[in-house]
file data-v6.tsv (TSV, C-alpha atoms)
chain	number	residue	atom	x	y	z
A	25	MET	CA	20.28	14.85	10.71
A	26	SER	CA	19.22	18.44	10.13
A	27	LYS	CA	16.97	19.87	12.87
A	28	ASP	CA	14.49	20.66	10.09
A	29	ILE	CA	14.11	16.97	9.26
A	30	LYS	CA	12.56	14.35	11.50
A	31	LYS	CA	12.16	10.60	11.03
A	32	GLU	CA	9.50	8.39	12.54
A	33	PHE	CA	9.38	4.58	12.50
A	34	LEU	CA	5.78	3.98	11.45
A	35	PRO	CA	5.07	0.46	10.17
A	36	PHE	CA	1.45	0.18	9.01
A	37	GLY	CA	-0.82	-2.21	7.17
A	38	PHE	CA	-3.71	-1.49	4.82
A	39	SER	CA	-6.23	-1.73	7.66
A	40	GLU	CA	-4.50	1.10	9.57
A	41	LEU	CA	-4.66	3.86	6.95
A	42	ASP	CA	-7.12	5.92	9.05
A	43	ALA	CA	-4.76	5.91	12.01
A	44	VAL	CA	-1.82	6.84	9.77
A	45	SER	CA	-3.80	9.76	8.31
A	46	ARG	CA	-4.61	11.02	11.84
A	47	ARG	CA	-0.93	10.73	12.79
A	48	PHE	CA	0.11	12.92	9.84
A	49	GLU	CA	-2.54	15.48	10.81
A	50	GLU	CA	-1.14	15.59	14.36
A	51	ARG	CA	2.38	16.05	13.02
A	52	ALA	CA	1.27	18.86	10.70
A	53	ALA	CA	-0.40	20.59	13.66
A	54	GLU	CA	2.92	20.28	15.54
A	55	GLY	CA	4.80	21.86	12.61
A	56	TRP	CA	6.07	18.71	10.86
A	57	MET	CA	4.95	18.16	7.29
A	58	LEU	CA	5.12	14.69	5.76
A	59	LYS	CA	7.73	14.51	3.01
A	60	THR	CA	8.36	10.78	2.49
A	61	LEU	CA	5.90	7.95	3.13
A	62	ASP	CA	7.65	4.73	4.05
A	63	THR	CA	8.06	2.38	7.01
A	64	THR	CA	10.26	5.17	8.35
A	65	CYS	CA	8.45	8.39	7.45
A	66	ILE	CA	10.37	11.62	6.95
A	67	TYR	CA	8.95	15.00	7.97
A	68	GLU	CA	10.09	18.54	7.21
A	69	ARG	CA	9.84	21.46	9.60
A	70	THR	CA	7.08	23.86	8.67
A	71	LEU	CA	4.63	26.22	10.31
A	72	PRO	CA	1.98	24.36	12.31
A	73	ARG	CA	-1.05	23.87	10.08
A	74	ALA	CA	-4.51	22.39	10.45
A	75	LEU	CA	-4.56	19.95	7.53
A	76	ARG	CA	-6.62	16.92	6.60
A	77	PHE	CA	-4.76	13.86	5.42
A	78	ASN	CA	-6.15	10.91	3.50
A	79	VAL	CA	-3.88	7.90	3.05
A	80	VAL	CA	-5.74	5.70	0.56
A	81	LEU	CA	-5.14	2.67	-1.64
A	82	CYS	CA	-4.61	3.65	-5.25
A	83	PRO	CA	-6.76	1.21	-7.28
A	84	THR	CA	-4.27	1.06	-10.15
A	85	ALA	CA	-1.02	0.77	-8.16
A	86	GLU	CA	1.03	-2.39	-8.65
A	87	ALA	CA	1.91	-4.23	-5.44
A	88	GLY	CA	5.53	-3.78	-4.44
A	89	SER	CA	6.23	-1.26	-7.18
A	90	ASN	CA	7.56	2.20	-6.41
A	91	ASP	CA	6.71	3.50	-9.87
A	92	ILE	CA	3.61	5.59	-10.48
A	93	SER	CA	1.90	4.33	-13.65
A	94	GLU	CA	0.01	6.54	-16.10
A	95	LYS	CA	-3.31	5.31	-14.64
A	96	SER	CA	-2.09	6.11	-11.13
A	97	HIS	CA	-1.18	9.61	-12.34
A	98	GLU	CA	-4.78	9.95	-13.58
A	99	PHE	CA	-5.98	8.92	-10.13
A	100	ILE	CA	-3.74	11.55	-8.54
A	101	ARG	CA	-4.96	14.21	-11.01
A	102	LEU	CA	-8.60	13.47	-10.17
A	103	CYS	CA	-7.87	13.74	-6.44
A	104	GLU	CA	-6.01	17.00	-7.03
A	105	ASP	CA	-8.96	18.35	-9.04
A	106	ALA	CA	-11.08	17.64	-5.96
A	107	GLY	CA	-8.79	19.78	-3.78
A	108	TRP	CA	-6.26	17.22	-2.50
A	109	ARG	CA	-2.48	17.45	-2.92
A	110	PHE	CA	-0.37	14.34	-3.41
A	111	VAL	CA	2.61	13.91	-1.08
A	112	ASP	CA	4.15	10.49	-1.59
A	113	HIS	CA	3.34	6.80	-1.75
A	114	ARG	CA	4.53	3.51	-0.32
A	115	GLY	CA	3.50	0.73	-2.68
A	116	ALA	CA	-0.28	1.06	-3.14
A	117	ALA	CA	-0.75	3.46	-0.18
A	118	TYR	CA	-0.94	7.04	-1.48
A	119	ALA	CA	-0.84	10.03	0.91
A	120	PHE	CA	-2.77	13.23	0.15
A	121	PHE	CA	-3.49	16.35	2.18
A	122	THR	CA	-5.79	19.34	1.91
A	123	ASP	CA	-6.34	22.55	3.85
A	124	SER	CA	-9.94	22.68	2.63
A	125	GLU	CA	-12.70	21.71	5.04
A	126	SER	CA	-15.09	21.18	2.12
A	127	ALA	CA	-13.07	18.75	-0.02
A	128	PRO	CA	-14.85	15.34	0.12
A	129	ASP	CA	-12.87	12.40	1.52
A	130	ILE	CA	-11.12	10.55	-1.28
A	131	GLU	CA	-12.89	7.26	-0.50
A	132	THR	CA	-16.60	7.60	0.27
A	133	ASP	CA	-17.77	4.07	-0.57
A	134	ASP	CA	-17.12	1.85	2.45
A	135	LEU	CA	-17.69	-1.42	0.59
A	136	GLU	CA	-15.15	-0.43	-2.07
A	137	ARG	CA	-12.70	0.41	0.73
A	138	VAL	CA	-13.05	-3.08	2.15
A	139	ASN	CA	-12.62	-4.63	-1.32
A	140	ALA	CA	-9.54	-2.48	-1.95
A	141	VAL	CA	-7.95	-3.53	1.38
A	142	ARG	CA	-8.63	-7.21	0.61
A	143	LYS	CA	-7.22	-6.95	-2.91
A	144	ALA	CA	-4.09	-4.99	-1.94
A	145	GLY	CA	-3.45	-7.24	1.07
A	146	LYS	CA	-3.68	-10.36	-1.10
A	147	GLN	CA	-1.29	-8.91	-3.70
A	148	ASN	CA	1.19	-7.93	-1.00
A	149	ARG	CA	1.13	-11.33	0.66
A	150	THR	CA	1.62	-13.04	-2.72
A	151	LEU	CA	4.77	-10.95	-3.18
A	152	MET	CA	6.00	-11.86	0.31
A	153	THR	CA	5.46	-15.55	-0.35
A	154	LEU	CA	8.25	-15.76	-2.94
A	155	PRO	CA	11.20	-15.03	-0.60
A	156	LEU	CA	9.50	-17.29	1.94
A	157	ALA	CA	9.36	-20.14	-0.58
A	158	LEU	CA	13.01	-19.56	-1.54
A	159	ASN	CA	14.01	-19.66	2.13
A	160	GLY	CA	12.11	-22.90	2.57
A	161	LEU	CA	13.71	-24.46	-0.51
A	162	ASN	CA	17.13	-23.38	0.69
A	163	ALA	CA	16.43	-24.99	4.06
A	164	LEU	CA	15.49	-28.24	2.31
A	165	THR	CA	18.72	-28.14	0.29
A	166	GLN	CA	20.69	-27.71	3.50
A	167	LEU	CA	18.80	-30.65	5.03
A	168	PHE	CA	19.83	-32.96	2.17
A	169	ALA	CA	23.41	-31.70	2.44
A	170	LEU	CA	23.26	-32.34	6.19
A	171	ILE	CA	22.31	-35.94	5.62
A	172	ASP	CA	25.33	-36.26	3.31
A	173	THR	CA	27.81	-34.58	5.64
A	174	ARG	CA	26.37	-36.26	8.75
A	175	GLY	CA	26.21	-33.54	11.33
A	176	ASP	CA	28.52	-30.81	10.06
A	177	VAL	CA	27.93	-28.11	12.69
A	178	LEU	CA	27.99	-25.24	10.21
A	179	ARG	CA	25.36	-26.87	8.05
A	180	ILE	CA	23.21	-27.55	11.12
A	181	ALA	CA	23.50	-23.86	12.08
A	182	LEU	CA	22.60	-22.72	8.57
A	183	PHE	CA	19.70	-25.16	8.36
A	184	ALA	CA	18.38	-24.02	11.74
A	185	PHE	CA	18.74	-20.36	10.70
A	186	LEU	CA	16.78	-20.90	7.47
A	187	VAL	CA	14.04	-22.93	9.16
A	188	ILE	CA	13.55	-20.39	11.96
A	189	ALA	CA	13.65	-17.47	9.48
A	190	THR	CA	11.02	-19.22	7.33
A	191	ILE	CA	8.79	-19.88	10.35
A	192	ILE	CA	9.10	-16.27	11.59
A	193	SER	CA	8.26	-14.93	8.10
A	194	LEU	CA	5.28	-17.28	7.82
A	195	ILE	CA	3.99	-16.21	11.24
A	196	GLY	CA	4.35	-12.57	10.12
A	197	ILE	CA	2.36	-13.18	6.92
A	198	LEU	CA	-0.38	-15.11	8.75
A	199	ALA	CA	-0.61	-12.48	11.51
A	200	ASP	CA	-0.94	-9.77	8.88
A	201	ARG	CA	-3.72	-11.70	7.11
A	202	LYS	CA	-5.51	-12.27	10.45
A	203	ARG	CA	-5.46	-8.56	11.35
A	204	GLU	CA	-6.72	-7.64	7.93
A	205	ASN	CA	-9.50	-10.26	7.94
A	206	GLU	CA	-10.63	-9.08	11.38
A	207	TRP	CA	-10.75	-5.48	10.17
A	208	CYS	CA	-12.69	-6.50	7.04
A	209	GLU	CA	-15.22	-8.48	9.12
A	210	ARG	CA	-15.75	-5.57	11.52
A	211	ALA	CA	-16.06	-3.21	8.55
A	212	LEU	CA	-18.64	-5.42	6.79
A	213	GLU	CA	-20.66	-5.73	10.02
A	214	SER	CA	-20.73	-1.94	10.32
A	215	ILE	CA	-21.73	-1.54	6.67
A	216	GLY	CA	-24.54	-4.08	7.18
A	217	ALA	CA	-25.74	-2.15	10.25
A	218	GLY	CA	-25.67	1.10	8.28
A	219	GLU	CA	-22.87	2.51	10.39
A	220	PRO	CA	-19.53	3.99	9.36
A	221	ILE	CA	-16.51	1.68	9.41
A	222	PRO	CA	-14.78	1.96	12.81
A	223	ALA	CA	-11.58	3.91	12.25
A	224	SER	CA	-8.26	2.30	13.16
A	225	GLY	CA	-6.52	4.03	16.04
A	226	GLU	CA	-3.27	4.49	17.90
A	227	GLU	CA	-3.59	1.07	19.53
A	228	ASP	CA	-3.58	-0.58	16.07
A	229	LEU	CA	-0.43	1.30	15.08
A	230	ALA	CA	1.17	0.41	18.41
A	231	ALA	CA	0.35	-3.28	17.92
A	232	ARG	CA	1.82	-3.16	14.40
A	233	ARG	CA	4.95	-1.47	15.75
A	234	ARG	CA	5.34	-4.14	18.44
A	235	ILE	CA	5.11	-6.89	15.82
A	236	ALA	CA	7.63	-5.11	13.57
A	237	VAL	CA	10.09	-4.57	16.44
A	238	LEU	CA	9.71	-8.21	17.48
A	239	GLY	CA	10.40	-9.30	13.91
A	240	ILE	CA	13.47	-7.07	13.60
A	241	CYS	CA	14.86	-8.20	16.99
A	242	SER	CA	14.30	-11.85	16.07
A	243	ALA	CA	16.08	-11.34	12.75
A	244	ILE	CA	19.03	-9.61	14.44
A	245	LEU	CA	19.34	-12.23	17.19
A	246	LEU	CA	19.05	-15.06	14.68
A	247	THR	CA	21.70	-13.52	12.45
A	248	LEU	CA	24.03	-12.87	15.40
A	249	ALA	CA	23.59	-16.48	16.53
A	250	LEU	CA	24.44	-17.75	13.06
A	251	ILE	CA	27.48	-15.44	12.85
A	252	ALA	CA	28.65	-16.65	16.27
A	253	VAL	CA	28.41	-20.32	15.27
A	254	ILE	CA	30.15	-19.69	11.94
A	255	TRP	CA	32.93	-17.75	13.70
A	256	ILE	CA	33.46	-20.38	16.37
A	257	LYS	CA	33.31	-23.41	14.12
A	258	GLY	CA	34.77	-21.97	10.94
A	259	ASP	CA	38.33	-21.78	9.76
A	260	ALA	CA	40.22	-18.70	8.48
A	261	PRO	CA	38.64	-18.58	4.98
A	262	ILE	CA	35.12	-18.94	6.40
A	263	ARG	CA	35.73	-16.26	9.01
A	264	ALA	CA	37.18	-13.97	6.33
A	265	SER	CA	34.04	-14.54	4.19
A	266	LEU	CA	31.89	-13.69	7.19
A	267	ILE	CA	33.70	-10.42	7.91
A	268	ALA	CA	33.70	-9.50	4.21
A	269	ALA	CA	29.96	-10.29	3.94
A	270	VAL	CA	29.03	-8.20	6.99
A	271	LEU	CA	31.17	-5.23	5.92
A	272	THR	CA	29.79	-5.40	2.36
A	273	ALA	CA	26.22	-5.65	3.65
A	274	ILE	CA	26.52	-2.35	5.54
A	275	PRO	CA	26.93	0.03	2.55
A	276	VAL	CA	24.48	-2.04	0.48
A	277	ALA	CA	21.86	-1.79	3.25
A	278	LEU	CA	22.41	1.98	3.41
A	279	LEU	CA	22.26	2.57	-0.35
A	280	ALA	CA	19.65	0.04	-1.49
A	281	PRO	CA	16.51	1.66	0.05
A	282	GLY	CA	17.29	5.03	-1.60
A	283	LEU	CA	17.87	3.28	-4.92
A	284	ALA	CA	14.66	1.24	-4.58
A	285	ARG	CA	12.65	4.45	-4.12
A	286	LYS	CA	13.86	5.91	-7.42
A	287	LYS	CA	11.60	5.79	-10.46
A	288	ARG	CA	12.22	2.97	-12.93
A	289	SER	CA	14.62	4.31	-15.56
A	290	LYS	CA	17.83	3.45	-17.40
A	291	GLY	CA	19.69	5.45	-14.75
A	292	LYS	CA	18.21	3.35	-11.95
A	293	THR	CA	19.08	0.10	-13.76
A	294	ALA	CA	22.64	1.31	-14.31
A	295	LEU	CA	22.99	2.31	-10.65
A	296	THR	CA	21.61	-1.06	-9.52
A	297	VAL	CA	24.11	-2.93	-11.70
A	298	LEU	CA	26.87	-0.66	-10.39
A	299	LEU	CA	25.83	-1.36	-6.81
A	300	ILE	CA	25.85	-5.14	-7.38
A	301	ILE	CA	29.25	-5.07	-9.12
A	302	GLY	CA	30.60	-2.73	-6.45
A	303	ALA	CA	29.38	-5.05	-3.71
A	304	LEU	CA	30.97	-8.08	-5.36
A	305	ILE	CA	34.30	-6.27	-5.80
A	306	LEU	CA	34.18	-5.01	-2.21
A	307	PHE	CA	33.44	-8.54	-0.95
A	308	VAL	CA	36.35	-10.04	-2.90
A	309	VAL	CA	38.77	-7.33	-1.75
A	310	LEU	CA	37.72	-7.58	1.89
A	311	PHE	CA	37.85	-11.40	1.72
A	312	ALA	CA	41.39	-11.23	0.36
A	313	ILE	CA	42.50	-8.74	3.03
A	314	PHE	CA	40.90	-10.46	6.01
A	315	GLY	CA	41.77	-13.91	4.67
A	316	SER	CA	45.46	-12.94	4.67
A	317	VAL	CA	45.25	-11.25	8.07
A	318	LEU	CA	43.47	-14.16	9.75
A	319	HIS	CA	45.73	-16.73	8.11
A	320	ALA	CA	48.81	-14.81	9.32
A	321	PHE	CA	47.23	-14.53	12.78
A	322	GLU	CA	46.62	-18.30	12.90
A	323	GLU	CA	50.21	-18.99	11.90
A	324	ILE	CA	51.52	-16.71	14.62
A	325	LEU	CA	49.33	-18.44	17.20
A	326	ALA	CA	50.39	-21.84	15.95
B	4	MET	CA	-29.00	-13.28	-3.39
B	5	PRO	CA	-25.77	-11.54	-4.48
B	6	ARG	CA	-26.18	-8.71	-6.94
B	7	GLU	CA	-24.86	-9.59	-10.44
B	8	ALA	CA	-22.09	-7.29	-11.58
B	9	LEU	CA	-23.82	-3.97	-12.46
B	10	SER	CA	-27.26	-5.48	-13.10
B	11	SER	CA	-28.52	-2.96	-10.57
B	12	LEU	CA	-26.89	0.16	-9.21
B	13	THR	CA	-25.93	1.46	-5.81
B	14	GLU	CA	-27.06	4.97	-4.92
B	15	PRO	CA	-23.72	6.65	-5.84
B	16	MET	CA	-23.61	4.72	-9.14
B	17	TYR	CA	-27.15	5.85	-9.95
B	18	TYR	CA	-26.30	9.50	-9.38
B	19	VAL	CA	-23.05	9.28	-11.36
B	20	LEU	CA	-24.95	7.91	-14.35
B	21	LEU	CA	-27.55	10.63	-13.93
B	22	ALA	CA	-24.70	13.17	-13.98
B	23	LEU	CA	-23.55	11.70	-17.29
B	24	ASN	CA	-26.67	12.80	-19.15
B	25	ARG	CA	-24.10	14.83	-21.07
B	26	PRO	CA	-20.31	14.42	-21.45
B	27	ARG	CA	-18.47	15.52	-18.32
B	28	CYS	CA	-15.04	15.17	-16.74
B	29	GLY	CA	-14.43	13.72	-13.28
B	30	ILE	CA	-14.68	16.90	-11.22
B	31	GLU	CA	-17.82	17.94	-13.13
B	32	ILE	CA	-19.41	14.54	-12.43
B	33	MET	CA	-18.75	14.94	-8.70
B	34	ALA	CA	-20.20	18.45	-8.65
B	35	ARG	CA	-23.25	17.49	-10.73
B	36	ALA	CA	-24.01	14.39	-8.62
B	37	GLU	CA	-23.94	16.55	-5.50
B	38	GLU	CA	-26.19	19.13	-7.19
B	39	ILE	CA	-28.76	16.55	-8.38
B	40	SER	CA	-28.92	14.99	-4.90
B	41	ARG	CA	-29.28	18.50	-3.38
B	42	GLY	CA	-26.09	18.15	-1.39
B	43	ARG	CA	-27.02	14.76	0.08
B	44	LEU	CA	-24.49	12.74	-1.84
B	45	ARG	CA	-20.79	13.60	-1.99
B	46	ILE	CA	-18.68	11.21	-4.01
B	47	GLY	CA	-14.96	11.14	-3.31
B	48	PRO	CA	-12.53	11.25	-6.24
B	49	GLY	CA	-11.10	7.84	-5.36
B	50	THR	CA	-14.55	6.25	-5.28
B	51	LEU	CA	-15.47	7.99	-8.53
B	52	TYR	CA	-12.27	6.80	-10.21
B	53	THR	CA	-13.01	3.15	-9.36
B	54	MET	CA	-16.65	3.56	-10.41
B	55	LEU	CA	-15.79	5.12	-13.79
B	56	ALA	CA	-13.30	2.30	-14.48
B	57	LYS	CA	-16.01	-0.26	-13.67
B	58	PHE	CA	-18.57	1.53	-15.85
B	59	GLU	CA	-16.11	1.73	-18.73
B	60	ASP	CA	-15.19	-1.96	-18.43
B	61	ASN	CA	-18.90	-2.84	-18.51
B	62	GLY	CA	-19.59	-0.62	-21.52
B	63	LEU	CA	-21.91	1.75	-19.64
B	64	ILE	CA	-19.79	4.81	-20.39
B	65	ALA	CA	-17.19	5.68	-22.98
B	66	LEU	CA	-14.27	8.07	-23.06
B	67	VAL	CA	-14.94	11.16	-25.15
B	68	PRO	CA	-12.09	11.49	-27.63
B	69	PRO	CA	-10.34	14.81	-27.13
B	70	SER	CA	-10.72	17.39	-29.88
B	71	PRO	CA	-7.59	18.26	-31.84
B	72	GLY	CA	-5.50	20.61	-29.73
B	73	GLU	CA	-7.11	19.48	-26.45
B	74	SER	CA	-4.79	16.60	-25.56
B	75	GLY	CA	-3.83	18.11	-22.19
B	76	LYS	CA	-7.42	18.49	-20.97
B	77	ARG	CA	-9.08	16.31	-18.36
B	78	LYS	CA	-10.67	13.06	-19.56
B	79	SER	CA	-14.40	13.32	-20.23
B	80	TYR	CA	-16.92	10.52	-20.30
B	81	GLU	CA	-20.34	10.06	-21.84
B	82	MET	CA	-23.05	7.50	-21.23
B	83	THR	CA	-23.48	4.77	-23.84
B	84	ALA	CA	-26.79	3.31	-25.00
B	85	LYS	CA	-26.20	0.35	-22.65
B	86	GLY	CA	-25.61	2.77	-19.76
B	87	ALA	CA	-28.78	4.72	-20.61
B	88	ALA	CA	-30.78	1.45	-20.69
B	89	LEU	CA	-29.45	0.38	-17.28
B	90	LEU	CA	-30.16	3.83	-15.85
B	91	LYS	CA	-33.75	3.69	-17.16
B	92	GLN	CA	-34.14	0.18	-15.71
B	93	GLU	CA	-32.90	1.41	-12.32
B	94	TYR	CA	-35.14	4.49	-12.44
B	95	ASP	CA	-38.18	2.29	-13.19
B	96	ARG	CA	-37.25	-0.07	-10.34
B	97	LEU	CA	-36.95	2.79	-7.85
B	98	LYS	CA	-40.22	4.26	-9.10
B	99	ARG	CA	-42.02	0.92	-8.63
B	100	GLN	CA	-40.55	0.62	-5.12
B	101	ALA	CA	-41.84	4.08	-4.23
B	102	GLU	CA	-45.27	3.34	-5.70
B	103	ASP	CA	-45.46	-0.01	-3.88
B	104	GLY	CA	-44.85	1.72	-0.60
B	105	LYS	CA	-47.06	4.74	-1.25
B	106	ALA	CA	-50.34	3.27	0.00
B	107	ILE	CA	-48.73	1.85	3.14
B	108	MET	CA	-46.88	5.10	3.93
B	109	GLU	CA	-50.18	7.00	3.55
B	110	GLU	CA	-51.76	4.60	6.09
B	111	LEU	CA	-48.90	5.14	8.52
B	112	THR	CA	-49.02	8.93	8.29
call {"tool": "encode", "arguments": {"input": "data-v6.tsv", "output": "structure tokens"}}
result
Amino acid sequence: MSKDIKKEFLPFGFSELDAVSRRFEERAAEGWMLKTLDTTCIYERTLPRALRFNVVLCPTAEAGSNDISEKSHEFIRLCEDAGWRFVDHRGAAYAFFTDSESAPDIETDDLERVNAVRKAGKQNRTLMTLPLALNGLNALTQLFALIDTRGDVLRIALFAFLVIATIISLIGILADRKRENEWCERALESIGAGEPIPASGEEDLAARRRIAVLGICSAILLTLALIAVIWIKGDAPIRASLIAAVLTAIPVALLAPGLARKKRSKGKTALTVLLIIGALILFVVLFAIFGSVLHAFEEILA
Amino acid sequence: MPREALSSLTEPMYYVLLALNRPRCGIEIMARAEEISRGRLRIGPGTLYTMLAKFEDNGLIALVPPSPGESGKRKSYEMTAKGAALLKQEYDRLKRQAEDGKAIMEELT
């Protein structure tokens, strides 16, 4: 990585936008200007500047979409007319900055802020429910297959993997909803008392980071456990599939996020199709190679 | 009792409608609302955007069609008859509230 570029792992929810804004202000004062807003934010080296940041929920953004609609462009234009400059967005969270002390904050109605957080949080969780439901259905399918095959170890491992993954995802969604509800309740209490909404702070970001790290570690451990069982209990073709799958997943995991961030266009669709076809071809080629190697290896050992 | 959707106005909504006594674009509305309230009320662009969308959905304001050759200009809005009626209703309500409290405030001071 160039010394003029810096990355920061910064998972955040919609109730932590204040804390995220303050973080970007600190970075700007240190000489790092936000360039890309994502779970891993990217900064560019610049002169240290005293800037104000507002990370807000765009009322017209579609949950889970990286495209900026015409209405969202209007929203950006209005904010820019008021002295703010748009940097980037992650889903519905849009990041702006200004060097003007007099520019009004982008959101000045606390009740609307609470409503926006509730609405965006609900949309996000609805999106997250679909892969969860698919996982659950898959687990059920494996359960029925298990009953048929009566204790096939590989099926047990796969079933256990899917069940645990579903439970972890569900816990994540419920924990997210709990944090958001707690923030909304505190915010509404403050509004009722005529006080400003208490701003989220570093401790909220730290808690979110801990949860994210826990989730990632659980996913890695779970996947490694599944791979280990498949390797131990599988035969040459299954092991070859496993190696091919892991080696195919690596370039896909590296390329997919960059592709997902592109604007919706014919070019993006073409690249996505190319990536899928490329991954399939790579998987088949690697499967053929490792299948032959492992088969030959087994014969030698036999 | 919960307020019915836009049957009465919050303070920022009231001032935004006041600012729309003539057609204005977003940044002009913000500046005019601040001017009318003598600097007391500053409405953020995000809040204004949501408010204008709500007003438009409820028929209180309407988009001013751009003149030929002005397609690149900022969007302007004007108050509709329904918006003017609601503004008048809110003004009368606030006036009655002030009058109701006048005698008591005079006793206290």
call {"tool": "closest_atom_pairs", "arguments": {"input": "data-v6.tsv", "of": "chain B", "to": "chain A", "cutoff": "10 Å", "atoms": "only C-alpha atoms", "output": "Markdown table"}}
result
| residue | atom | partner | partner_atom | distance |
| --- | --- | --- | --- | --- |
| B:Pro15 | CA | A:Asp133 | CA | 8.4 |
| B:Cys28 | CA | A:Leu102 | CA | 9.4 |
| B:Gly29 | CA | A:Leu102 | CA | 6.6 |
| B:Ile30 | CA | A:Asp105 | CA | 6.3 |
| B:Glu31 | CA | A:Asp105 | CA | 9.8 |
| B:Met33 | CA | A:Ala106 | CA | 8.6 |
| B:Ala34 | CA | A:Ala106 | CA | 9.5 |
| B:Leu44 | CA | A:Thr132 | CA | 9.7 |
| B:Arg45 | CA | A:Pro128 | CA | 6.5 |
| B:Ile46 | CA | A:Thr132 | CA | 6.0 |
| B:Gly47 | CA | A:Ile130 | CA | 4.4 |
| B:Pro48 | CA | A:Ile130 | CA | 5.2 |
| B:Gly49 | CA | A:Ile130 | CA | 4.9 |
| B:Thr50 | CA | A:Glu131 | CA | 5.2 |
| B:Leu51 | CA | A:Glu131 | CA | 8.5 |
| B:Tyr52 | CA | A:Phe99 | CA | 6.6 |
| B:Thr53 | CA | A:Pro83 | CA | 6.9 |
| B:Met54 | CA | A:Glu136 | CA | 9.4 |
| B:Ala56 | CA | A:Pro83 | CA | 9.8 |
| B:Arg77 | CA | A:Leu102 | CA | 8.7 |
| B:Lys78 | CA | A:Glu98 | CA | 9.0 |
call {"tool": "atom_distance", "arguments": {"input": "data-v6.tsv", "atom1": "CA of Thr122 (chain A)", "atom2": "CA of Phe77 (chain A)"}}
result
6.6 Å
call {"tool": "residues_near_point", "arguments": {"input": "data-v6.tsv", "point": "(-12.4, -6.0, 8.1)", "cutoff": "10 Å", "atoms": "only C-alpha atoms", "output": "PDB file with C-alpha atoms, in the frame of the given file"}}
result
ATOM      1  CA  SER A  39      -6.230  -1.730   7.660  1.00  0.00           C
ATOM      2  CA  ARG A 137     -12.700   0.410   0.730  1.00  0.00           C
ATOM      3  CA  VAL A 138     -13.050  -3.080   2.150  1.00  0.00           C
ATOM      4  CA  ASN A 139     -12.620  -4.630  -1.320  1.00  0.00           C
ATOM      5  CA  VAL A 141      -7.950  -3.530   1.380  1.00  0.00           C
ATOM      6  CA  ARG A 142      -8.630  -7.210   0.610  1.00  0.00           C
ATOM      7  CA  LYS A 202      -5.510 -12.270  10.450  1.00  0.00           C
ATOM      8  CA  ARG A 203      -5.460  -8.560  11.350  1.00  0.00           C
ATOM      9  CA  GLU A 204      -6.720  -7.640   7.930  1.00  0.00           C
ATOM     10  CA  ASN A 205      -9.500 -10.260   7.940  1.00  0.00           C
ATOM     11  CA  GLU A 206     -10.630  -9.080  11.380  1.00  0.00           C
ATOM     12  CA  TRP A 207     -10.750  -5.480  10.170  1.00  0.00           C
ATOM     13  CA  CYS A 208     -12.690  -6.500   7.040  1.00  0.00           C
ATOM     14  CA  GLU A 209     -15.220  -8.480   9.120  1.00  0.00           C
ATOM     15  CA  ARG A 210     -15.750  -5.570  11.520  1.00  0.00           C
ATOM     16  CA  ALA A 211     -16.060  -3.210   8.550  1.00  0.00           C
ATOM     17  CA  LEU A 212     -18.640  -5.420   6.790  1.00  0.00           C
ATOM     18  CA  GLU A 213     -20.660  -5.730  10.020  1.00  0.00           C
ATOM     19  CA  SER A 214     -20.730  -1.940  10.320  1.00  0.00           C
ATOM     20  CA  ILE A 221     -16.510   1.680   9.410  1.00  0.00           C
ATOM     21  CA  PRO A 222     -14.780   1.960  12.810  1.00  0.00           C
TER      22      PRO A 222
END
call {"tool": "residues_around", "arguments": {"input": "data-v6.tsv", "residues": "Lys31 (chain A)", "least_positions_apart": "5", "cutoff": "8 Å", "atoms": "all atoms listed in the file", "output": "ChimeraX atom specification"}}
result
/A:64-67
call {"tool": "closest_residue", "arguments": {"input": "data-v6.tsv", "among": "A:Glu86, A:Cys241, A:Lys143, A:Ile254", "to": "Ile180 (chain A)", "atoms": "only C-alpha atoms"}}
result
A:Ile254
call {"tool": "residues_around", "arguments": {"input": "data-v6.tsv", "residues": "Lys85 (chain B)", "least_positions_apart": "3", "cutoff": "7 Å", "atoms": "only C-alpha atoms", "output": "number ranges by chain"}}
result
B: 62-63, 88-89
call {"tool": "atom_distance", "arguments": {"input": "data-v6.tsv", "atom1": "CA of Ala22 (chain B)", "atom2": "CA of Ala36 (chain B)"}}
result
5.5 Å
call {"tool": "axis_aligned_box", "arguments": {"input": "data-v6.tsv", "around": "region 49-55 of chain A", "padding_each_side": "5 Å", "output": "lines of an AutoDock Vina configuration file"}}
result
center_x = 1.1
center_y = 18.7
center_z = 13.1
size_x = 17.3
size_y = 16.4
size_z = 14.8
call {"tool": "residues_around", "arguments": {"input": "data-v6.tsv", "residues": "region 73-75 of chain A", "least_positions_apart": "6", "cutoff": "9 Å", "atoms": "all atoms listed in the file", "output": "NGL selection string"}}
result
:A and (48-50 or 52-57 or 121-125)
call {"tool": "residues_around", "arguments": {"input": "data-v6.tsv", "residues": "Thr165 (chain A)", "least_positions_apart": "4", "cutoff": "12 Å", "atoms": "all atoms listed in the file", "output": "PyMOL selection string"}}
result
chain A and resi 158-161+169-172+179-180+182-183+186-187
call {"tool": "write_last_selection", "arguments": {"input": "data-v6.tsv", "atoms": "C-alpha atoms", "output": "short mmCIF file (atom, residue, chain, number, x, y, z; two decimals), in the coordinates of the input"}}
result
data_model
loop_
_atom_site.label_atom_id
_atom_site.label_comp_id
_atom_site.auth_asym_id
_atom_site.auth_seq_id
_atom_site.Cartn_x
_atom_site.Cartn_y
_atom_site.Cartn_z
CA LEU A 158 13.01 -19.56 -1.54
CA ASN A 159 14.01 -19.66 2.13
CA GLY A 160 12.11 -22.90 2.57
CA LEU A 161 13.71 -24.46 -0.51
CA ALA A 169 23.41 -31.70 2.44
CA LEU A 170 23.26 -32.34 6.19
CA ILE A 171 22.31 -35.94 5.62
CA ASP A 172 25.33 -36.26 3.31
CA ARG A 179 25.36 -26.87 8.05
CA ILE A 180 23.21 -27.55 11.12
CA LEU A 182 22.60 -22.72 8.57
CA PHE A 183 19.70 -25.16 8.36
CA LEU A 186 16.78 -20.90 7.47
CA VAL A 187 14.04 -22.93 9.16
#
